[in-house]
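Heads up, the thing below is written out as structure tokens.
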Amino acid sequence: MKKATVLLLILTLVFNCKNETKTAKTDTNKETTQASQKIATSKTEKQLREVYKAKDTIIIDAVANDSAWVKSKWYNIDQVWLGDSLSETDFSGRFKLSWTNEALYVLAEIKDDTLIDKIEDPLVKWWDDDCLEIFVDEDNSGGEHQYNHNAFAYHIALDGKVVDMSTEKIGKLYNSHIESKNKTTGNTTLWEVKMNLYDDSFDDKGSNTPVNLTANKKIGFAIAYCDNDKSLEREHFIGSIPVEGEDKNRGWIDANIFGTLLLKD
Ligand SMILES: [Ca+2]
Ligand SMILES: [Ca+2]
Ligand SMILES: [Ca+2]
Ligand SMILES: [Ca+2]
């Protein structure tokens, strides 16, 4: 009788133990699944656009008379990622692209009724002043990039200062990555931008070399504008690509929402 009780006890323990292990494993799997569902590790390619190489030097002077711009086509910045419905007088924007072996070039034409740059410290709420935001994923990998350099979300302020999140989870100036110039005539601001691209091995504390660009390379890309006219926080955030789902302000975290550029000779 005693032996039988002991045996039963052992069997019960073993059974319970097995059950716990299984439950624990199932829970872990569930969490892992949920996390990866949030941000997939690779992207579904969309908005594939061919970008043509500049045959002559593009001068960064906010004047669009360079031969590369004459040949490139305009793309719209017309997807409202944040804010209510948008009027034509409040904001409209479009852009062109080109490249050389050393850099990616962007020309943006922004029509905005009021330009503001009221937050003096460039590292405080840099998205709440008017700014151009350019998203770049050098190897078109997609995936999460909130506090790492799998991709960059460069905010270019009206004064040319460039900010993105560092690996220390705070804003950091990346002025050396981007040379830009903007010029405003009436309600139209022309931005001319030269960007050095860095791969995901970029080290905030080390010395880094920009990637050499070549034909047939694919780059993850999106461009947006943070429009504020008179409010404490930006009034609209307008991007170049549709973002699925309710939360459309995902570019600074999720490189899967970027479009894809294909460099051509
Ligand atoms: Ca120029
Ligand atoms: Ca506006
Ligand atoms: Ca990447
Ligand atoms: Ca504005």
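By convention here, the chains of the structure tokens are called A, B, ... in the order presented, each chain's residues are numbered starting at 1, and ligands are numbered starting at 1 in the order presented.
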
Which residues sit within 6 Å of ligand 4, counting only C-alpha atoms and all ligand atoms, listed as an mmCIF file with N, CA and C atoms, in the first residue's frame?
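And here is the file that came out, selection35.cif:
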```
data_model
loop_
_atom_site.group_PDB
_atom_site.id
_atom_site.type_symbol
_atom_site.label_atom_id
_atom_site.label_comp_id
_atom_site.auth_asym_id
_atom_site.auth_seq_id
_atom_site.Cartn_x
_atom_site.Cartn_y
_atom_site.Cartn_z
ATOM 1 N N ASP A 112 4.463 75.078 -47.921
ATOM 2 C CA ASP A 112 3.971 75.114 -46.539
ATOM 3 C C ASP A 112 3.630 76.566 -46.214
ATOM 4 N N THR A 114 3.267 78.192 -43.339
ATOM 5 C CA THR A 114 4.038 78.841 -42.267
ATOM 6 C C THR A 114 5.238 77.987 -41.906
ATOM 7 N N LEU A 115 6.410 78.588 -41.895
ATOM 8 C CA LEU A 115 7.610 77.847 -41.491
ATOM 9 C C LEU A 115 7.964 78.219 -40.051
ATOM 10 N N ILE A 116 8.149 77.196 -39.215
ATOM 11 C CA ILE A 116 8.558 77.528 -37.843
ATOM 12 C C ILE A 116 9.756 76.697 -37.392
ATOM 13 N N ASP A 130 9.060 72.504 -38.082
ATOM 14 C CA ASP A 130 9.056 72.109 -39.483
ATOM 15 C C ASP A 130 10.378 71.407 -39.804
ATOM 16 N N ASP A 227 5.037 68.924 -40.468
ATOM 17 C CA ASP A 227 4.516 70.281 -40.644
ATOM 18 C C ASP A 227 3.902 70.794 -39.350
ATOM 19 N N ASN A 228 4.491 71.857 -38.819
ATOM 20 C CA ASN A 228 3.871 72.588 -37.729
ATOM 21 C C ASN A 228 3.745 74.038 -38.186
ATOM 22 N N ASP A 229 2.657 74.693 -37.861
ATOM 23 C CA ASP A 229 2.478 76.098 -38.236
ATOM 24 C C ASP A 229 2.334 76.983 -37.005
#
```

Env of Gly93 (chain A): 9 Å cut, atoms = only C-alpha atoms, seq-sep filter 2 positions within chain, self excluded. Answer as a VMD selection string.
chain A and resid 75 to 78 91 95 108 to 112 224 to 225 238

Per DSSP on the backbone, filter region 49-138 of chain A down to the residues in strand (DSSP E or B) and report them as an MDAnalysis selection string.
chainID A and resid 49:53 75:77 79:82 91:99 104:112 131:137

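Distance-wise, CA of Tyr198 (chain A) and CA of His177 (chain A) end up 8.4 Å apart.
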
Can I get the residues of chain A within 8 Å of ligand 1, each with the closest pair of atoms and their distance in Å to one decimal, using only C-alpha atoms and all ligand atoms, sorted chain first then ascending number, as CSV?
```
residue,atom,partner,partner_atom_place_in_ligand_line,distance
A:Ile58,CA,ligand 1,1 (Ca),5.6
A:Ile59,CA,ligand 1,1 (Ca),4.2
A:Ile60,CA,ligand 1,1 (Ca),4.8
A:Asp61,CA,ligand 1,1 (Ca),4.8
A:Ala62,CA,ligand 1,1 (Ca),5.3
A:Val63,CA,ligand 1,1 (Ca),4.3
A:Ala64,CA,ligand 1,1 (Ca),4.7
A:Asn65,CA,ligand 1,1 (Ca),5.9
A:Asp66,CA,ligand 1,1 (Ca),5.3
A:Glu192,CA,ligand 1,1 (Ca),6.6
```

Could you turn the residues from that selection into a file that holds N, CA and C atoms, as a short mmCIF file (atom, residue, chain, number, x, y, z; two decimals), in the first residue's frame?
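Below is the file part-v6.cif, written as the result:
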```
data_model
loop_
_atom_site.label_atom_id
_atom_site.label_comp_id
_atom_site.auth_asym_id
_atom_site.auth_seq_id
_atom_site.Cartn_x
_atom_site.Cartn_y
_atom_site.Cartn_z
N ILE A 58 26.31 67.37 -58.74
CA ILE A 58 25.13 68.10 -58.26
C ILE A 58 25.62 69.09 -57.19
N ILE A 59 25.37 70.37 -57.45
CA ILE A 59 25.82 71.38 -56.49
C ILE A 59 24.72 71.63 -55.46
N ILE A 60 25.08 71.48 -54.18
CA ILE A 60 24.09 71.64 -53.10
C ILE A 60 23.93 73.12 -52.79
N ASP A 61 23.03 73.78 -53.53
CA ASP A 61 22.84 75.21 -53.36
C ASP A 61 21.34 75.60 -53.36
N ALA A 62 20.47 74.58 -53.28
CA ALA A 62 19.02 74.81 -53.30
C ALA A 62 18.56 75.47 -54.61
N VAL A 63 19.32 75.22 -55.67
CA VAL A 63 18.92 75.65 -57.02
C VAL A 63 18.88 74.37 -57.86
N ALA A 64 17.73 74.10 -58.49
CA ALA A 64 17.53 72.81 -59.15
C ALA A 64 17.90 72.83 -60.63
N ASN A 65 19.00 73.52 -60.98
CA ASN A 65 19.37 73.58 -62.40
C ASN A 65 20.43 72.54 -62.78
N ASP A 66 20.73 71.63 -61.86
CA ASP A 66 21.71 70.57 -62.15
C ASP A 66 21.11 69.60 -63.17
N GLU A 192 17.81 70.88 -51.18
CA GLU A 192 18.72 70.03 -51.93
C GLU A 192 19.61 69.31 -50.91
#
```

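Using only C-alpha atoms and all ligand atoms, the shortest contact distance between ligand 3 and any of A:Trp74, A:Phe135, A:Phe237, A:Tyr154 is found at A:Phe135.
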
Step by step, measure atom-to-atom distances between ligand 3 and each residue using only C-alpha atoms and all ligand atoms, keep those at most 12 Å, then write them as a VMD selection string.
chain A and resid 41 to 43 135 to 146 148 to 153 197 to 202 218 to 221 254 to 256 258 260

Write a file of the selected residues as a short mmCIF file (atom, residue, chain, number, x, y, z; two decimals), in the first residue's frame, keeping N, CA and C atoms.
```cif
data_model
loop_
_atom_site.label_atom_id
_atom_site.label_comp_id
_atom_site.auth_asym_id
_atom_site.auth_seq_id
_atom_site.Cartn_x
_atom_site.Cartn_y
_atom_site.Cartn_z
N THR A 41 11.16 40.62 -39.46
CA THR A 41 12.60 40.83 -39.61
C THR A 41 13.01 41.11 -41.05
N SER A 42 12.11 40.83 -41.99
CA SER A 42 12.43 41.18 -43.38
C SER A 42 11.22 41.85 -44.02
N LYS A 43 11.47 42.65 -45.05
CA LYS A 43 10.39 43.44 -45.61
C LYS A 43 9.78 42.83 -46.87
N PHE A 135 14.21 58.75 -44.53
CA PHE A 135 14.42 57.41 -43.98
C PHE A 135 15.28 56.60 -44.95
N VAL A 136 16.35 56.03 -44.45
CA VAL A 136 17.23 55.25 -45.33
C VAL A 136 17.64 53.94 -44.67
N ASP A 137 17.47 52.86 -45.42
CA ASP A 137 17.88 51.53 -44.98
C ASP A 137 18.88 51.04 -46.03
N GLU A 138 20.14 51.22 -45.75
CA GLU A 138 21.22 51.08 -46.75
C GLU A 138 21.17 49.76 -47.52
N ASP A 139 20.84 48.66 -46.82
CA ASP A 139 20.85 47.35 -47.51
C ASP A 139 19.43 46.85 -47.80
N ASN A 140 18.43 47.73 -47.63
CA ASN A 140 17.04 47.36 -47.93
C ASN A 140 16.59 46.12 -47.15
N SER A 141 17.17 45.95 -45.95
CA SER A 141 16.87 44.73 -45.17
C SER A 141 15.47 44.77 -44.57
N GLY A 142 14.97 45.97 -44.28
CA GLY A 142 13.75 46.07 -43.48
C GLY A 142 14.07 45.72 -42.03
N GLY A 143 13.03 45.58 -41.22
CA GLY A 143 13.20 45.21 -39.81
C GLY A 143 13.22 46.40 -38.88
N GLU A 144 13.37 46.11 -37.61
CA GLU A 144 13.26 47.12 -36.55
C GLU A 144 14.53 47.97 -36.50
N HIS A 145 14.38 49.30 -36.29
CA HIS A 145 15.58 50.14 -36.24
C HIS A 145 15.45 51.28 -35.23
N GLN A 146 14.57 51.12 -34.24
CA GLN A 146 14.29 52.23 -33.32
C GLN A 146 15.54 52.78 -32.63
N ASN A 148 18.77 51.37 -33.10
CA ASN A 148 19.97 50.77 -33.68
C ASN A 148 20.14 51.37 -35.07
N HIS A 149 21.20 51.00 -35.77
CA HIS A 149 21.45 51.61 -37.08
C HIS A 149 21.24 50.64 -38.24
N ASN A 150 20.29 49.75 -38.05
CA ASN A 150 19.80 48.93 -39.17
C ASN A 150 19.25 49.85 -40.27
N ALA A 151 18.74 50.99 -39.85
CA ALA A 151 18.28 52.04 -40.77
C ALA A 151 18.34 53.37 -40.02
N PHE A 152 18.23 54.47 -40.77
CA PHE A 152 18.28 55.81 -40.16
C PHE A 152 17.00 56.58 -40.48
N ALA A 153 16.60 57.44 -39.57
CA ALA A 153 15.48 58.37 -39.81
C ALA A 153 16.02 59.77 -39.55
N LEU A 197 25.62 57.29 -47.11
CA LEU A 197 24.90 56.17 -46.51
C LEU A 197 25.84 55.30 -45.69
N TYR A 198 25.35 54.88 -44.55
CA TYR A 198 26.12 54.01 -43.65
C TYR A 198 25.37 52.70 -43.45
N ASP A 199 26.12 51.61 -43.35
CA ASP A 199 25.46 50.31 -43.15
C ASP A 199 25.17 50.07 -41.66
N ASP A 200 24.61 48.91 -41.37
CA ASP A 200 24.15 48.63 -40.00
C ASP A 200 25.28 48.42 -39.00
N SER A 201 26.54 48.42 -39.48
CA SER A 201 27.65 48.30 -38.53
C SER A 201 28.04 49.68 -37.98
N PHE A 202 27.31 50.73 -38.37
CA PHE A 202 27.63 52.08 -37.91
C PHE A 202 27.71 52.11 -36.39
N LYS A 218 20.01 48.04 -54.14
CA LYS A 218 18.69 48.40 -53.62
C LYS A 218 18.83 49.06 -52.25
N ILE A 219 18.05 50.11 -52.05
CA ILE A 219 18.10 50.88 -50.80
C ILE A 219 16.67 51.07 -50.30
N GLY A 220 16.45 50.85 -49.02
CA GLY A 220 15.13 51.15 -48.44
C GLY A 220 15.02 52.66 -48.26
N PHE A 221 13.88 53.26 -48.66
CA PHE A 221 13.79 54.73 -48.64
C PHE A 221 12.35 55.20 -48.45
N ASP A 254 10.24 51.11 -37.76
CA ASP A 254 10.05 49.92 -38.58
C ASP A 254 10.46 50.18 -40.04
N ALA A 255 11.59 49.64 -40.44
CA ALA A 255 12.08 49.87 -41.81
C ALA A 255 11.30 49.07 -42.85
N ASN A 256 10.39 48.22 -42.40
CA ASN A 256 9.56 47.46 -43.36
C ASN A 256 8.59 48.34 -44.13
N PHE A 258 9.27 51.19 -45.46
CA PHE A 258 9.97 51.98 -46.50
C PHE A 258 9.70 51.41 -47.89
N THR A 260 11.38 50.98 -51.89
CA THR A 260 12.69 50.48 -52.31
C THR A 260 13.19 51.26 -53.53
#
```

12 Å contact set for Ile178 (chain A), only C-alpha atoms, chain neighbours under 4 positions out, as a ChimeraX atom specification
/A:60,102-106,133-134,136,152-157,160-164,173-174,192-198,210

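Using only C-alpha atoms and all ligand atoms, the smallest distance between any of A:Glu50, A:Glu120, A:Asp203, A:Glu88 and ligand 2 comes from A:Glu88.
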